[in-house]
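Enquirer: See work-v5.cif below, with mmCIF, N, CA and C atoms.
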data_work
loop_
_atom_site.label_atom_id
_atom_site.label_comp_id
_atom_site.auth_asym_id
_atom_site.auth_seq_id
_atom_site.Cartn_x
_atom_site.Cartn_y
_atom_site.Cartn_z
N MET A 57 60.49 3.04 20.87
CA MET A 57 61.69 3.26 20.10
C MET A 57 61.45 4.45 19.16
N LYS A 58 62.49 5.24 18.97
CA LYS A 58 62.40 6.42 18.12
C LYS A 58 62.24 6.01 16.65
N LYS A 59 61.45 6.76 15.92
CA LYS A 59 61.22 6.49 14.50
C LYS A 59 62.36 7.10 13.69
N TYR A 60 63.11 6.26 12.97
CA TYR A 60 64.24 6.73 12.19
C TYR A 60 63.94 6.83 10.70
N TYR A 61 63.04 5.97 10.22
CA TYR A 61 62.74 5.93 8.79
C TYR A 61 61.23 6.01 8.58
N ASP A 62 60.84 6.74 7.53
CA ASP A 62 59.43 6.87 7.20
C ASP A 62 58.93 5.68 6.38
N GLU A 63 59.75 5.16 5.50
CA GLU A 63 59.33 4.05 4.66
C GLU A 63 59.41 2.74 5.43
N ALA A 64 58.39 1.90 5.25
CA ALA A 64 58.29 0.65 6.00
C ALA A 64 59.44 -0.30 5.71
N LYS A 65 59.89 -0.36 4.46
CA LYS A 65 60.96 -1.31 4.13
C LYS A 65 62.28 -0.91 4.79
N TYR A 66 62.55 0.38 4.89
CA TYR A 66 63.77 0.84 5.54
C TYR A 66 63.69 0.63 7.05
N LYS A 67 62.52 0.87 7.61
CA LYS A 67 62.32 0.65 9.04
C LYS A 67 62.49 -0.83 9.37
N ALA A 68 61.95 -1.72 8.54
CA ALA A 68 62.08 -3.16 8.77
C ALA A 68 63.54 -3.60 8.67
N ALA A 69 64.26 -3.06 7.69
CA ALA A 69 65.67 -3.40 7.54
C ALA A 69 66.47 -2.92 8.74
N PHE A 70 66.17 -1.72 9.23
CA PHE A 70 66.85 -1.18 10.41
C PHE A 70 66.56 -2.04 11.63
N ASP A 71 65.31 -2.43 11.82
CA ASP A 71 64.93 -3.29 12.96
C ASP A 71 65.66 -4.63 12.90
N ARG A 72 65.77 -5.21 11.70
CA ARG A 72 66.49 -6.49 11.56
C ARG A 72 67.96 -6.31 11.90
N CYS A 73 68.53 -5.21 11.45
CA CYS A 73 69.94 -4.94 11.73
C CYS A 73 70.17 -4.80 13.24
N VAL A 74 69.31 -4.07 13.91
CA VAL A 74 69.42 -3.89 15.36
C VAL A 74 69.26 -5.24 16.07
N ASP A 75 68.33 -6.06 15.60
CA ASP A 75 68.14 -7.38 16.20
C ASP A 75 69.39 -8.25 16.06
N VAL A 76 69.99 -8.25 14.88
CA VAL A 76 71.19 -9.05 14.65
C VAL A 76 72.34 -8.55 15.52
N MET A 77 72.53 -7.23 15.58
CA MET A 77 73.60 -6.67 16.40
C MET A 77 73.39 -7.00 17.88
N THR A 78 72.15 -6.95 18.34
CA THR A 78 71.84 -7.28 19.73
C THR A 78 72.16 -8.73 20.02
N GLN A 79 71.78 -9.62 19.12
CA GLN A 79 72.07 -11.05 19.31
C GLN A 79 73.58 -11.31 19.33
N LEU A 80 74.32 -10.63 18.46
CA LEU A 80 75.77 -10.79 18.45
C LEU A 80 76.41 -10.29 19.74
N LEU A 81 75.94 -9.15 20.23
CA LEU A 81 76.47 -8.61 21.48
C LEU A 81 76.16 -9.54 22.65
N GLN A 82 74.97 -10.08 22.68
CA GLN A 82 74.61 -10.99 23.76
C GLN A 82 75.42 -12.28 23.69
N LYS A 83 75.67 -12.77 22.50
CA LYS A 83 76.37 -14.04 22.33
C LYS A 83 77.88 -13.90 22.53
N TYR A 84 78.49 -12.86 21.96
CA TYR A 84 79.94 -12.74 21.95
C TYR A 84 80.48 -11.58 22.78
N GLY A 85 79.63 -10.80 23.40
CA GLY A 85 80.08 -9.61 24.14
C GLY A 85 81.08 -9.91 25.23
N HIS A 86 80.85 -10.95 26.01
CA HIS A 86 81.76 -11.30 27.10
C HIS A 86 83.12 -11.73 26.57
N GLN A 87 83.11 -12.48 25.46
CA GLN A 87 84.37 -12.92 24.87
C GLN A 87 85.19 -11.73 24.38
N VAL A 88 84.52 -10.76 23.77
CA VAL A 88 85.21 -9.58 23.25
C VAL A 88 85.80 -8.77 24.40
N LEU A 89 85.02 -8.57 25.47
CA LEU A 89 85.52 -7.82 26.61
C LEU A 89 86.69 -8.53 27.28
N ASP A 90 86.62 -9.85 27.40
CA ASP A 90 87.73 -10.61 27.98
C ASP A 90 88.99 -10.46 27.13
N LYS A 91 88.84 -10.53 25.82
CA LYS A 91 89.97 -10.38 24.91
C LYS A 91 90.57 -8.99 25.02
N LEU A 92 89.73 -7.96 25.10
CA LEU A 92 90.22 -6.60 25.24
C LEU A 92 90.98 -6.42 26.54
N GLU A 93 90.50 -7.02 27.62
CA GLU A 93 91.19 -6.93 28.90
C GLU A 93 92.54 -7.63 28.85
N GLN A 94 92.63 -8.75 28.15
CA GLN A 94 93.89 -9.48 28.04
C GLN A 94 94.90 -8.69 27.21
N ASP A 95 94.43 -8.02 26.18
CA ASP A 95 95.32 -7.26 25.30
C ASP A 95 95.72 -5.91 25.87
N ALA A 96 94.95 -5.40 26.81
CA ALA A 96 95.23 -4.08 27.39
C ALA A 96 96.47 -4.17 28.26
N PRO A 97 97.25 -3.10 28.30
CA PRO A 97 98.43 -3.10 29.18
C PRO A 97 97.99 -3.24 30.64
N GLN A 98 98.77 -3.99 31.42
CA GLN A 98 98.42 -4.28 32.80
C GLN A 98 98.67 -3.09 33.72
N THR A 99 99.60 -2.21 33.40
CA THR A 99 99.88 -1.05 34.23
C THR A 99 99.45 0.21 33.50
N THR A 100 98.95 1.17 34.25
CA THR A 100 98.55 2.44 33.67
C THR A 100 99.10 3.57 34.51
N ASP A 101 99.21 4.72 33.92
CA ASP A 101 99.68 5.91 34.62
C ASP A 101 98.52 6.79 35.04
N CYS A 102 97.30 6.28 35.03
CA CYS A 102 96.11 7.05 35.36
C CYS A 102 95.93 7.10 36.88
N SER A 103 95.33 8.17 37.34
CA SER A 103 95.01 8.26 38.75
C SER A 103 93.78 7.40 39.04
N LYS A 104 93.52 7.14 40.32
CA LYS A 104 92.38 6.33 40.71
C LYS A 104 91.06 7.02 40.38
N ASP A 105 91.05 8.33 40.32
CA ASP A 105 89.84 9.07 40.02
C ASP A 105 89.53 9.09 38.53
N ASP A 106 90.49 8.73 37.71
CA ASP A 106 90.30 8.76 36.26
C ASP A 106 89.40 7.60 35.84
N LYS A 107 88.36 7.89 35.08
CA LYS A 107 87.41 6.85 34.67
C LYS A 107 88.04 5.88 33.68
N GLN A 108 89.08 6.26 32.99
CA GLN A 108 89.70 5.36 32.03
C GLN A 108 90.46 4.22 32.71
N ALA A 109 90.72 4.35 33.99
CA ALA A 109 91.46 3.33 34.72
C ALA A 109 90.57 2.17 35.16
N GLN A 110 89.25 2.28 34.96
CA GLN A 110 88.34 1.23 35.37
C GLN A 110 88.46 0.05 34.42
N PRO A 111 88.23 -1.18 34.92
CA PRO A 111 88.22 -2.34 34.03
C PRO A 111 87.13 -2.22 32.97
N LEU A 112 87.34 -2.84 31.84
CA LEU A 112 86.38 -2.75 30.73
C LEU A 112 85.03 -3.33 31.10
N THR A 113 84.99 -4.34 31.97
CA THR A 113 83.72 -4.96 32.32
C THR A 113 82.82 -3.99 33.07
N ASP A 114 83.40 -3.01 33.80
CA ASP A 114 82.59 -2.01 34.48
C ASP A 114 81.90 -1.08 33.49
N LYS A 115 82.53 -0.85 32.35
CA LYS A 115 81.97 0.04 31.34
C LYS A 115 80.85 -0.64 30.54
N ALA A 116 80.85 -1.96 30.51
CA ALA A 116 79.87 -2.68 29.69
C ALA A 116 78.47 -2.66 30.29
N ALA A 117 78.37 -2.46 31.56
CA ALA A 117 77.04 -2.49 32.21
C ALA A 117 76.28 -1.25 32.02
#
For the structure just supplied, provide its representation as structure tokens.
Expert:
Amino acid sequence: MKKYYDEAKYKAAFDRCVDVMTQLLQKYGHQVLDKLEQDAPQTTDCSKDDKQAQPLTDKAA
């Protein structure tokens, strides 16, 4: 992992923050993506080649 902070206390705080965010994404990520897909409009004017027309679950991987 890249070194972002020189001081040990800031590095430890950053590592804890990343750990918490990772746990939240693992626990609630699927629920958030499902909610976003439900709220998104069902029809789009995008072409099939446009990357924005892909389902949100394809972007999460």
Enquirer: Quote the spacing between CA of Phe70 (chain A) and atom C of Lys58 (chain A) in Å to one decimal place.
Expert: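 Spanning CA of Phe70 (chain A) to atom C of Lys58 (chain A) is a straight-line distance of 10.6 Å.
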Enquirer: So how far away is CA of Val76 (chain A) from CA of Gln94 (chain A), in Å?
Expert: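 Taking CA of Gln94 (chain A) as the start and CA of Val76 (chain A) as the end point, the length is 26.4 Å.
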Enquirer: Between atom C of Met77 (chain A) and CA of Leu92 (chain A), what is the distance, to one decimal in Å?
Expert: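 Computing it gives 18.4 Å between the two atoms.
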